[in-house]
file model-v2.cif (mmCIF, C-alpha atoms and all ligand atoms)
data_input
#
loop_
_atom_site.group_PDB
_atom_site.id
_atom_site.type_symbol
_atom_site.label_atom_id
_atom_site.label_comp_id
_atom_site.auth_asym_id
_atom_site.auth_seq_id
_atom_site.Cartn_x
_atom_site.Cartn_y
_atom_site.Cartn_z
ATOM 1 C CA MET Z 218 -50.996 21.813 225.723
ATOM 2 C CA THR Z 219 -48.844 20.815 222.735
ATOM 3 C CA GLY Z 220 -48.848 20.810 218.922
ATOM 4 C CA ALA Z 221 -51.397 22.841 216.967
ATOM 5 C CA GLY Z 222 -53.056 24.086 220.181
ATOM 6 C CA TYR Z 223 -49.816 25.381 221.699
ATOM 7 C CA THR Z 224 -49.736 29.142 222.344
ATOM 8 C CA LEU Z 225 -47.204 31.978 222.504
ATOM 9 C CA LYS Z 226 -48.333 32.584 226.094
ATOM 10 C CA ALA Z 227 -47.568 28.985 227.121
ATOM 11 C CA PHE Z 228 -44.243 29.106 225.258
ATOM 12 C CA VAL Z 229 -43.158 32.311 227.047
ATOM 13 C CA ALA Z 230 -44.103 30.766 230.421
ATOM 14 C CA ALA Z 231 -41.941 27.737 229.553
ATOM 15 C CA LEU Z 232 -39.062 29.988 228.433
ATOM 16 C CA ARG Z 233 -39.114 31.768 231.806
ATOM 17 C CA GLU Z 234 -39.032 28.462 233.679
ATOM 18 C CA ILE Z 235 -36.254 27.019 231.501
ATOM 19 C CA SER Z 236 -34.018 30.107 231.621
ATOM 20 C CA ALA Z 237 -34.399 30.255 235.420
ATOM 21 C CA SER Z 238 -33.587 26.568 236.013
ATOM 22 C CA ALA Z 239 -31.181 25.494 233.237
ATOM 23 C CA ALA Z 240 -27.509 25.076 234.100
ATOM 24 C CA ASP Z 241 -26.154 26.574 230.865
ATOM 25 C CA ALA Z 242 -26.945 27.635 227.300
ATOM 26 C CA HIS Z 243 -26.585 24.063 226.003
ATOM 27 C CA GLU Z 244 -29.336 22.861 228.323
ATOM 28 C CA ILE Z 245 -31.528 25.854 227.412
ATOM 29 C CA LEU Z 246 -31.173 25.033 223.697
ATOM 30 C CA GLU Z 247 -32.044 21.362 224.208
ATOM 31 C CA ARG Z 248 -35.139 22.195 226.252
ATOM 32 C CA VAL Z 249 -36.358 25.105 224.094
ATOM 33 C CA LYS Z 250 -35.906 23.213 220.797
ATOM 34 C CA PRO Z 251 -38.987 20.899 220.972
ATOM 35 C CA LEU Z 252 -41.203 23.662 222.354
ATOM 36 C CA ALA Z 253 -40.170 26.107 219.614
ATOM 37 C CA ARG Z 254 -41.099 23.429 217.046
ATOM 38 C CA GLN Z 255 -44.551 23.154 218.600
ATOM 39 C CA LEU Z 256 -45.030 26.921 218.568
ATOM 40 C CA ALA Z 257 -43.906 27.089 214.912
ATOM 41 C CA ALA Z 258 -46.665 24.577 214.020
ATOM 42 C CA SER Z 259 -49.352 26.215 216.160
ATOM 43 C CA ALA Z 260 -52.505 27.989 215.005
ATOM 44 C CA ASP Z 261 -51.735 30.770 217.502
ATOM 45 C CA LEU Z 262 -48.414 31.604 215.835
ATOM 46 C CA HIS Z 263 -49.880 31.456 212.322
ATOM 47 C CA ALA Z 264 -52.684 33.837 213.320
ATOM 48 C CA ARG Z 265 -50.089 36.365 214.539
ATOM 49 C CA LEU Z 266 -47.823 36.420 211.444
ATOM 50 C CA ASN Z 267 -47.796 39.741 209.543
ATOM 51 C CA ARG Z 268 -45.308 38.547 206.858
ATOM 52 C CA GLN Z 269 -44.140 42.161 206.436
ATOM 53 C CA CYS Z 270 -40.743 42.503 204.774
ATOM 54 C CA ASP Z 271 -38.449 45.521 204.900
ATOM 55 C CA GLU Z 272 -37.330 46.183 201.296
ATOM 56 C CA ALA Z 273 -34.102 47.885 202.365
ATOM 57 C CA GLN Z 274 -32.807 45.105 204.601
ATOM 58 C CA GLY Z 275 -34.408 42.193 202.709
ATOM 59 C CA PHE Z 276 -36.408 40.796 205.617
ATOM 60 C CA GLY Z 277 -38.903 41.855 208.270
ATOM 61 C CA PHE Z 278 -38.424 41.286 212.017
ATOM 62 C CA GLN Z 279 -41.803 40.983 213.786
ATOM 63 C CA LEU Z 280 -41.232 41.118 217.528
ATOM 64 C CA LEU Z 281 -43.722 38.808 219.292
ATOM 65 C CA HIS Z 282 -42.342 38.939 222.827
ATOM 66 C CA GLU Z 283 -39.468 40.127 224.971
ATOM 67 C CA GLU Z 284 -39.086 40.774 228.692
ATOM 68 C CA PRO Z 285 -38.666 44.406 229.890
ATOM 69 C CA ASP Z 286 -34.866 43.892 229.930
ATOM 70 C CA HIS Z 287 -34.993 42.559 226.304
ATOM 71 C CA THR Z 288 -34.304 38.940 227.366
ATOM 72 C CA LEU Z 289 -36.372 35.964 226.099
ATOM 73 C CA CYS Z 290 -37.001 37.460 222.664
ATOM 74 C CA VAL Z 291 -39.455 35.717 220.320
ATOM 75 C CA ALA Z 292 -39.788 36.993 216.746
ATOM 76 C CA ALA Z 293 -41.140 35.968 213.341
ATOM 77 C CA LEU Z 294 -38.809 36.852 210.470
ATOM 78 C CA SER Z 295 -40.197 37.185 206.930
ATOM 79 C CA TRP Z 296 -37.679 36.898 204.088
ATOM 80 C CA LEU Z 297 -38.072 38.394 200.603
ATOM 81 C CA PRO Z 298 -37.359 36.033 197.660
ATOM 82 C CA GLY Z 299 -33.717 36.187 196.574
ATOM 83 C CA ARG Z 300 -32.661 38.113 199.676
ATOM 84 C CA GLY Z 301 -30.904 37.277 202.928
ATOM 85 C CA THR Z 302 -28.392 38.405 205.518
ATOM 86 C CA PRO Z 303 -24.657 38.961 205.626
ATOM 87 C CA PRO Z 304 -22.723 36.513 207.821
ATOM 88 C CA HIS Z 305 -23.414 37.399 211.474
ATOM 89 C CA ASP Z 306 -23.334 36.165 215.047
ATOM 90 C CA HIS Z 307 -26.000 36.768 217.714
ATOM 91 C CA GLY Z 308 -24.199 37.353 221.033
ATOM 92 C CA THR Z 309 -26.818 35.151 222.689
ATOM 93 C CA TRP Z 310 -28.226 31.634 222.320
ATOM 94 C CA GLY Z 311 -30.793 31.148 219.577
ATOM 95 C CA VAL Z 312 -33.317 28.613 218.284
ATOM 96 C CA VAL Z 313 -34.702 29.032 214.749
ATOM 97 C CA VAL Z 314 -37.559 26.964 213.284
ATOM 98 C CA GLY Z 315 -38.764 27.043 209.675
ATOM 99 C CA VAL Z 316 -42.440 28.044 209.377
ATOM 100 C CA GLU Z 317 -43.147 28.713 205.675
ATOM 101 C CA GLY Z 318 -40.804 28.042 202.730
ATOM 102 C CA ASP Z 319 -37.206 26.786 202.649
ATOM 103 C CA GLU Z 320 -34.309 28.857 203.995
ATOM 104 C CA VAL Z 321 -30.668 28.290 203.098
ATOM 105 C CA ASN Z 322 -28.288 28.565 206.054
ATOM 106 C CA THR Z 323 -24.556 28.961 205.467
ATOM 107 C CA PHE Z 324 -22.273 28.367 208.436
ATOM 108 C CA TRP Z 325 -18.904 30.131 208.718
ATOM 109 C CA LEU Z 326 -15.722 29.720 210.776
ATOM 110 C CA ARG Z 327 -13.759 32.711 212.062
ATOM 111 C CA THR Z 328 -10.060 32.069 211.423
ATOM 112 C CA ASP Z 329 -8.231 35.273 212.478
ATOM 113 C CA ASP Z 330 -6.807 35.818 215.976
ATOM 114 C CA ARG Z 331 -9.241 38.678 216.814
ATOM 115 C CA SER Z 332 -6.330 40.991 217.652
ATOM 116 C CA GLN Z 333 -7.172 43.758 215.147
ATOM 117 C CA PRO Z 334 -10.363 45.772 215.873
ATOM 118 C CA GLY Z 335 -12.662 45.790 212.848
ATOM 119 C CA HIS Z 336 -10.768 42.970 211.113
ATOM 120 C CA ALA Z 337 -12.107 39.425 210.776
ATOM 121 C CA ALA Z 338 -11.371 36.538 208.428
ATOM 122 C CA ILE Z 339 -14.126 33.944 207.965
ATOM 123 C CA GLU Z 340 -14.325 30.778 205.870
ATOM 124 C CA LYS Z 341 -17.414 29.024 204.578
ATOM 125 C CA LEU Z 342 -17.979 25.710 206.374
ATOM 126 C CA GLN Z 343 -21.219 24.273 204.992
ATOM 127 C CA GLU Z 344 -24.566 25.192 203.480
ATOM 128 C CA LYS Z 345 -27.852 23.508 204.350
ATOM 129 C CA VAL Z 346 -31.496 23.974 203.331
ATOM 130 C CA PHE Z 347 -33.962 24.155 206.243
ATOM 131 C CA PRO Z 348 -37.609 23.390 205.342
ATOM 132 C CA PRO Z 349 -40.636 24.159 207.574
ATOM 133 C CA GLY Z 350 -40.342 22.332 210.909
ATOM 134 C CA ALA Z 351 -36.521 22.058 210.750
ATOM 135 C CA VAL Z 352 -34.717 23.517 213.773
ATOM 136 C CA ILE Z 353 -31.356 25.280 214.039
ATOM 137 C CA VAL Z 354 -29.767 25.794 217.456
ATOM 138 C CA LEU Z 355 -27.159 28.537 217.739
ATOM 139 C CA MET Z 356 -24.590 29.176 220.445
ATOM 140 C CA PRO Z 357 -23.739 32.893 220.900
ATOM 141 C CA ASP Z 358 -20.579 32.973 218.744
ATOM 142 C CA ILE Z 359 -21.762 30.764 215.858
ATOM 143 C CA ILE Z 360 -21.567 32.683 212.561
ATOM 144 C CA HIS Z 361 -24.157 32.025 209.868
ATOM 145 C CA SER Z 362 -25.924 33.737 206.974
ATOM 146 C CA VAL Z 363 -29.476 33.144 205.744
ATOM 147 C CA ARG Z 364 -30.904 33.267 202.208
ATOM 148 C CA ASN Z 365 -34.344 32.747 200.706
ATOM 149 C CA ASP Z 366 -33.745 31.157 197.282
ATOM 150 C CA GLY Z 367 -37.486 30.549 196.751
ATOM 151 C CA ASP Z 368 -40.022 32.532 194.702
ATOM 152 C CA GLU Z 369 -42.196 33.521 197.667
ATOM 153 C CA ILE Z 370 -41.735 35.120 201.076
ATOM 154 C CA SER Z 371 -40.439 32.606 203.622
ATOM 155 C CA VAL Z 372 -41.086 32.811 207.359
ATOM 156 C CA SER Z 373 -39.137 31.483 210.335
ATOM 157 C CA LEU Z 374 -39.606 31.611 214.099
ATOM 158 C CA HIS Z 375 -36.623 32.954 216.073
ATOM 159 C CA VAL Z 376 -36.099 32.634 219.817
ATOM 160 C CA TYR Z 377 -33.133 34.386 221.457
ATOM 161 C CA GLY Z 378 -31.805 34.638 225.000
ATOM 162 C CA LYS Z 379 -31.839 38.408 224.423
ATOM 163 C CA ASN Z 380 -33.097 40.649 221.616
ATOM 164 C CA ILE Z 381 -30.186 40.644 219.146
ATOM 165 C CA ASN Z 382 -30.201 44.469 218.897
ATOM 166 C CA PHE Z 383 -29.085 44.566 222.551
ATOM 167 C CA THR Z 384 -26.291 41.967 222.574
ATOM 168 C CA GLY Z 385 -23.542 43.892 220.749
ATOM 169 C CA ARG Z 386 -23.498 41.279 217.993
ATOM 170 C CA SER Z 387 -21.645 41.655 214.683
ATOM 171 C CA GLN Z 388 -21.903 41.253 210.929
ATOM 172 C CA PHE Z 389 -18.971 40.062 208.828
ATOM 173 C CA ASP Z 390 -17.833 40.823 205.270
ATOM 174 C CA PRO Z 391 -15.744 37.863 204.005
ATOM 175 C CA GLU Z 392 -14.367 39.784 200.977
ATOM 176 C CA ARG Z 393 -13.359 42.981 202.807
ATOM 177 C CA ARG Z 394 -12.381 40.942 205.875
ATOM 178 C CA SER Z 395 -14.276 43.303 208.170
ATOM 179 C CA VAL Z 396 -16.472 42.979 211.254
ATOM 180 C CA VAL Z 397 -18.882 45.731 212.355
ATOM 181 C CA PRO Z 398 -21.863 45.963 214.744
ATOM 182 C CA TRP Z 399 -25.240 44.947 213.251
ATOM 183 C CA ILE Z 400 -28.604 46.393 214.269
ATOM 184 C CA VAL Z 401 -31.748 45.299 212.391
ATOM 185 C CA ARG Z 402 -35.018 47.204 211.927
ATOM 186 C CA GLN Z 403 -37.811 45.572 213.932
ATOM 187 C CA ASN Z 404 -41.594 45.965 213.812
HETATM 188 FE FE FE Z 501 -28.987 34.695 212.513
#
call {"tool": "encode", "arguments": {"input": "model-v2.cif", "output": "structure tokens", "more": "lines below"}}
Ligand SMILES: [Fe+2]
result
Amino acid sequence: MTGAGYTLKAFVAALREISASAADAHEILERVKPLARQLAASADLHARLNRQCDEAQGFGFQLLHEEPDHTLCVAALSWLPGRGTPPHDHGTWGVVVGVEGDEVNTFWLRTDDRSQPGHAAIEKLQEKVFPPGAVIVLMPDIIHSVRNDGDEISVSLHVYGKNINFTGRSQFDPERRSVVPWIVRQN
């Protein structure tokens, strides 16, 4: 089943099949992308959304599925108006689809030689607005930051090869030129 009648259950079954048969992360991203778009538009996903935001971190992370070893993570993120994330990577492949409201994505390039622990220099590459239905595919070391410039909570669907709290991923501070681990609160 596709489109509005697509379900989280069918999506997870497809994720298992794709991750078991795909040759590499690029193939996984290409195959997951259209299915994630269908799930983002589905009645099943919309019925599950809690739109809960964590005031302290600026967004809420609603875990919808992960395997017992934290792989194949599906989550709905709800973003408070005027809030967002620091620049970060994911340490795993990712597919993000807009569900409600626009989200601004800024992409960054790491320019230091990674020789000094805790030190990182990053430069802004480009900024792009992603409306509902737009898809972003992320390789594990891509660095981006997300912002909700709208007046209402925005929601996006996130699919990761592994729950990002278990990949050892990082957040970056471009002014202080630092890199530190990043764990997010999840509900
Ligand atoms: Fe991200």
call {"tool": "residues_near_ligand", "arguments": {"input": "model-v2.cif", "ligand": "ligand FE 501 (chain Z)", "cutoff": "12 Å", "atoms": "all atoms listed in the file", "output": "MDAnalysis selection string"}}
result
chainID Z and resid 276 278 292 294 301:314 320:325 353:364 373:377 380:382 386:389 399:401
call {"tool": "write_last_selection", "arguments": {"input": "model-v2.cif", "atoms": "C-alpha atoms", "output": "PDB file, in the coordinates of the input"}}
result
ATOM      1  CA  PHE Z 276     -36.408  40.796 205.617  1.00  0.00           C
ATOM      2  CA  PHE Z 278     -38.424  41.286 212.017  1.00  0.00           C
ATOM      3  CA  ALA Z 292     -39.788  36.993 216.746  1.00  0.00           C
ATOM      4  CA  LEU Z 294     -38.809  36.852 210.470  1.00  0.00           C
ATOM      5  CA  GLY Z 301     -30.904  37.277 202.928  1.00  0.00           C
ATOM      6  CA  THR Z 302     -28.392  38.405 205.518  1.00  0.00           C
ATOM      7  CA  PRO Z 303     -24.657  38.961 205.626  1.00  0.00           C
ATOM      8  CA  PRO Z 304     -22.723  36.513 207.821  1.00  0.00           C
ATOM      9  CA  HIS Z 305     -23.414  37.399 211.474  1.00  0.00           C
ATOM     10  CA  ASP Z 306     -23.334  36.165 215.047  1.00  0.00           C
ATOM     11  CA  HIS Z 307     -26.000  36.768 217.714  1.00  0.00           C
ATOM     12  CA  GLY Z 308     -24.199  37.353 221.033  1.00  0.00           C
ATOM     13  CA  THR Z 309     -26.818  35.151 222.689  1.00  0.00           C
ATOM     14  CA  TRP Z 310     -28.226  31.634 222.320  1.00  0.00           C
ATOM     15  CA  GLY Z 311     -30.793  31.148 219.577  1.00  0.00           C
ATOM     16  CA  VAL Z 312     -33.317  28.613 218.284  1.00  0.00           C
ATOM     17  CA  VAL Z 313     -34.702  29.032 214.749  1.00  0.00           C
ATOM     18  CA  VAL Z 314     -37.559  26.964 213.284  1.00  0.00           C
ATOM     19  CA  GLU Z 320     -34.309  28.857 203.995  1.00  0.00           C
ATOM     20  CA  VAL Z 321     -30.668  28.290 203.098  1.00  0.00           C
ATOM     21  CA  ASN Z 322     -28.288  28.565 206.054  1.00  0.00           C
ATOM     22  CA  THR Z 323     -24.556  28.961 205.467  1.00  0.00           C
ATOM     23  CA  PHE Z 324     -22.273  28.367 208.436  1.00  0.00           C
ATOM     24  CA  TRP Z 325     -18.904  30.131 208.718  1.00  0.00           C
ATOM     25  CA  ILE Z 353     -31.356  25.280 214.039  1.00  0.00           C
ATOM     26  CA  VAL Z 354     -29.767  25.794 217.456  1.00  0.00           C
ATOM     27  CA  LEU Z 355     -27.159  28.537 217.739  1.00  0.00           C
ATOM     28  CA  MET Z 356     -24.590  29.176 220.445  1.00  0.00           C
ATOM     29  CA  PRO Z 357     -23.739  32.893 220.900  1.00  0.00           C
ATOM     30  CA  ASP Z 358     -20.579  32.973 218.744  1.00  0.00           C
ATOM     31  CA  ILE Z 359     -21.762  30.764 215.858  1.00  0.00           C
ATOM     32  CA  ILE Z 360     -21.567  32.683 212.561  1.00  0.00           C
ATOM     33  CA  HIS Z 361     -24.157  32.025 209.868  1.00  0.00           C
ATOM     34  CA  SER Z 362     -25.924  33.737 206.974  1.00  0.00           C
ATOM     35  CA  VAL Z 363     -29.476  33.144 205.744  1.00  0.00           C
ATOM     36  CA  ARG Z 364     -30.904  33.267 202.208  1.00  0.00           C
ATOM     37  CA  SER Z 373     -39.137  31.483 210.335  1.00  0.00           C
ATOM     38  CA  LEU Z 374     -39.606  31.611 214.099  1.00  0.00           C
ATOM     39  CA  HIS Z 375     -36.623  32.954 216.073  1.00  0.00           C
ATOM     40  CA  VAL Z 376     -36.099  32.634 219.817  1.00  0.00           C
ATOM     41  CA  TYR Z 377     -33.133  34.386 221.457  1.00  0.00           C
ATOM     42  CA  ASN Z 380     -33.097  40.649 221.616  1.00  0.00           C
ATOM     43  CA  ILE Z 381     -30.186  40.644 219.146  1.00  0.00           C
ATOM     44  CA  ASN Z 382     -30.201  44.469 218.897  1.00  0.00           C
ATOM     45  CA  ARG Z 386     -23.498  41.279 217.993  1.00  0.00           C
ATOM     46  CA  SER Z 387     -21.645  41.655 214.683  1.00  0.00           C
ATOM     47  CA  GLN Z 388     -21.903  41.253 210.929  1.00  0.00           C
ATOM     48  CA  PHE Z 389     -18.971  40.062 208.828  1.00  0.00           C
ATOM     49  CA  TRP Z 399     -25.240  44.947 213.251  1.00  0.00           C
ATOM     50  CA  ILE Z 400     -28.604  46.393 214.269  1.00  0.00           C
ATOM     51  CA  VAL Z 401     -31.748  45.299 212.391  1.00  0.00           C
TER      52      VAL Z 401
END
call {"tool": "closest_residue", "arguments": {"input": "model-v2.cif", "among": "Z:Ile370, Z:Val352, Z:Ala242, Z:Ile339", "to": "Val396 (chain Z)", "atoms": "all atoms listed in the file"}}
result
Z:Ile339
call {"tool": "resolve_selection", "arguments": {"input": "model-v2.cif", "expression": "the PyMOL selection byres (((chain Z and resi 347) around 7) and not hetatm)", "output": "compact mmCIF listing (two decimals) with C-alpha atoms, keeping the file's coordinate frame"}}
result
# COMPACT_ATOMS: atom_id res chain seq x y z
CA GLY Z 315 -38.76 27.04 209.68
CA ASP Z 319 -37.21 26.79 202.65
CA GLU Z 320 -34.31 28.86 204.00
CA VAL Z 321 -30.67 28.29 203.10
CA LYS Z 345 -27.85 23.51 204.35
CA VAL Z 346 -31.50 23.97 203.33
CA PRO Z 348 -37.61 23.39 205.34
CA PRO Z 349 -40.64 24.16 207.57
CA ALA Z 351 -36.52 22.06 210.75
call {"tool": "atom_distance", "arguments": {"input": "model-v2.cif", "atom1": "CA of Asp330 (chain Z)", "atom2": "CA of His243 (chain Z)"}}
result
25.1 Å
call {"tool": "closest_atom_pairs", "arguments": {"input": "model-v2.cif", "of": "region 268-360 of chain Z", "to": "region 221-231 of chain Z", "cutoff": "10 Å", "atoms": "all atoms listed in the file", "output": "JSON lines"}}
result
{"residue": "Z:Leu281", "atom": "CA", "partner": "Z:Leu225", "partner_atom": "CA", "distance": 8.3}
{"residue": "Z:His282", "atom": "CA", "partner": "Z:Val229", "partner_atom": "CA", "distance": 7.9}
{"residue": "Z:Glu283", "atom": "CA", "partner": "Z:Val229", "partner_atom": "CA", "distance": 8.9}
{"residue": "Z:Glu284", "atom": "CA", "partner": "Z:Val229", "partner_atom": "CA", "distance": 9.5}
{"residue": "Z:Leu289", "atom": "CA", "partner": "Z:Val229", "partner_atom": "CA", "distance": 7.8}
{"residue": "Z:Cys290", "atom": "CA", "partner": "Z:Val229", "partner_atom": "CA", "distance": 9.1}
{"residue": "Z:Val291", "atom": "CA", "partner": "Z:Val229", "partner_atom": "CA", "distance": 8.4}
call {"tool": "closest_atom_pairs", "arguments": {"input": "model-v2.cif", "of": "region 296-384 of chain Z", "to": "region 259-267 of chain Z", "cutoff": "10 Å", "atoms": "all atoms listed in the file", "output": "CSV"}}
result
residue,atom,partner,partner_atom,distance
Z:Val316,CA,Z:His263,CA,8.7
Z:Glu317,CA,Z:His263,CA,9.9
Z:Val372,CA,Z:Leu266,CA,8.7
Z:Leu374,CA,Z:Leu262,CA,9.0
call {"tool": "atom_distance", "arguments": {"input": "model-v2.cif", "atom1": "CA of Gln255 (chain Z)", "atom2": "CA of Asn404 (chain Z)"}}
result
23.5 Å
call {"tool": "closest_residue", "arguments": {"input": "model-v2.cif", "among": "Z:Asp271, Z:Asp366, Z:Glu392, Z:Asp286", "to": "Ala337 (chain Z)", "atoms": "all atoms listed in the file"}}
result
Z:Glu392
call {"tool": "atom_distance", "arguments": {"input": "model-v2.cif", "atom1": "CA of Val397 (chain Z)", "atom2": "CA of Gly385 (chain Z)"}}
result
9.8 Å
call {"tool": "resolve_selection", "arguments": {"input": "model-v2.cif", "expression": "the PyMOL selection byres (((chain Z and resi 367) around 8) and not hetatm)", "output": "list in words"}}
result
Pro298, Gly299, Gly318, Asp319, Asn365, Asp366, Asp368, Glu369, Ile370 and Ser371 of chain Z
call {"tool": "closest_residue", "arguments": {"input": "model-v2.cif", "among": "Z:Ile245, Z:Leu232, Z:Ala293, Z:Ala338", "to": "Leu280 (chain Z)", "atoms": "all atoms listed in the file"}}
result
Z:Ala293
call {"tool": "residues_near_point", "arguments": {"input": "model-v2.cif", "point": "(-14.5, 30.3, 210.1)", "cutoff": "7 Å", "atoms": "all atoms listed in the file", "output": "mmCIF file with C-alpha atoms, in the frame of the given file"}}
result
data_model
loop_
_atom_site.group_PDB
_atom_site.id
_atom_site.type_symbol
_atom_site.label_atom_id
_atom_site.label_comp_id
_atom_site.auth_asym_id
_atom_site.auth_seq_id
_atom_site.Cartn_x
_atom_site.Cartn_y
_atom_site.Cartn_z
ATOM 1 C CA TRP Z 325 -18.904 30.131 208.718
ATOM 2 C CA LEU Z 326 -15.722 29.720 210.776
ATOM 3 C CA ARG Z 327 -13.759 32.711 212.062
ATOM 4 C CA THR Z 328 -10.060 32.069 211.423
ATOM 5 C CA ILE Z 339 -14.126 33.944 207.965
ATOM 6 C CA GLU Z 340 -14.325 30.778 205.870
ATOM 7 C CA LYS Z 341 -17.414 29.024 204.578
ATOM 8 C CA LEU Z 342 -17.979 25.710 206.374
#
call {"tool": "build_atoms", "arguments": {"input": "model-v2.cif", "residues": "region 275-299 of chain Z", "atoms": "N, CA and C atoms", "output": "compact mmCIF listing (two decimals), in the frame of the given file"}}
result
# COMPACT_ATOMS: atom_id res chain seq x y z
N GLY Z 275 -34.16 43.50 203.33
CA GLY Z 275 -34.41 42.19 202.71
C GLY Z 275 -35.28 41.26 203.52
N PHE Z 276 -35.56 41.63 204.77
CA PHE Z 276 -36.41 40.80 205.62
C PHE Z 276 -37.09 41.67 206.66
N GLY Z 277 -38.18 41.16 207.21
CA GLY Z 277 -38.90 41.86 208.27
C GLY Z 277 -38.73 41.12 209.58
N PHE Z 278 -38.62 41.86 210.68
CA PHE Z 278 -38.42 41.29 212.02
C PHE Z 278 -39.64 41.67 212.84
N GLN Z 279 -40.56 40.73 213.03
CA GLN Z 279 -41.80 40.98 213.79
C GLN Z 279 -41.59 40.51 215.22
N LEU Z 280 -41.46 41.46 216.12
CA LEU Z 280 -41.23 41.12 217.53
C LEU Z 280 -42.54 40.63 218.14
N LEU Z 281 -42.52 39.40 218.69
CA LEU Z 281 -43.72 38.81 219.29
C LEU Z 281 -43.68 38.87 220.81
N HIS Z 282 -42.47 38.84 221.37
CA HIS Z 282 -42.34 38.94 222.83
C HIS Z 282 -40.91 39.27 223.21
N GLU Z 283 -40.73 40.06 224.25
CA GLU Z 283 -39.47 40.13 224.97
C GLU Z 283 -39.78 40.62 226.37
N GLU Z 284 -38.90 40.30 227.34
CA GLU Z 284 -39.09 40.77 228.69
C GLU Z 284 -38.68 42.25 228.74
N PRO Z 285 -39.02 42.98 229.82
CA PRO Z 285 -38.67 44.41 229.89
C PRO Z 285 -37.16 44.68 229.73
N ASP Z 286 -36.32 43.70 230.09
CA ASP Z 286 -34.87 43.89 229.93
C ASP Z 286 -34.36 43.31 228.60
N HIS Z 287 -35.28 43.05 227.66
CA HIS Z 287 -34.99 42.56 226.30
C HIS Z 287 -34.58 41.09 226.26
N THR Z 288 -34.62 40.37 227.40
CA THR Z 288 -34.30 38.94 227.37
C THR Z 288 -35.52 38.17 226.86
N LEU Z 289 -35.31 36.88 226.57
CA LEU Z 289 -36.37 35.96 226.10
C LEU Z 289 -37.16 36.56 224.94
N CYS Z 290 -36.43 36.81 223.85
CA CYS Z 290 -37.00 37.46 222.66
C CYS Z 290 -37.57 36.40 221.70
N VAL Z 291 -38.80 36.61 221.29
CA VAL Z 291 -39.46 35.72 220.32
C VAL Z 291 -39.87 36.58 219.13
N ALA Z 292 -39.49 36.17 217.92
CA ALA Z 292 -39.79 36.99 216.75
C ALA Z 292 -40.08 36.10 215.54
N ALA Z 293 -40.92 36.62 214.63
CA ALA Z 293 -41.14 35.97 213.34
C ALA Z 293 -40.41 36.79 212.29
N LEU Z 294 -39.53 36.14 211.53
CA LEU Z 294 -38.81 36.85 210.47
C LEU Z 294 -39.37 36.43 209.12
N SER Z 295 -39.66 37.43 208.28
CA SER Z 295 -40.20 37.18 206.93
C SER Z 295 -39.15 37.61 205.92
N TRP Z 296 -38.82 36.71 205.00
CA TRP Z 296 -37.68 36.90 204.09
C TRP Z 296 -38.16 37.09 202.65
N LEU Z 297 -37.71 38.17 202.01
CA LEU Z 297 -38.07 38.39 200.60
C LEU Z 297 -37.36 37.38 199.71
N PRO Z 298 -38.01 36.96 198.60
CA PRO Z 298 -37.36 36.03 197.66
C PRO Z 298 -36.03 36.61 197.16
N GLY Z 299 -35.01 35.76 197.10
CA GLY Z 299 -33.72 36.19 196.57
C GLY Z 299 -32.90 37.06 197.52
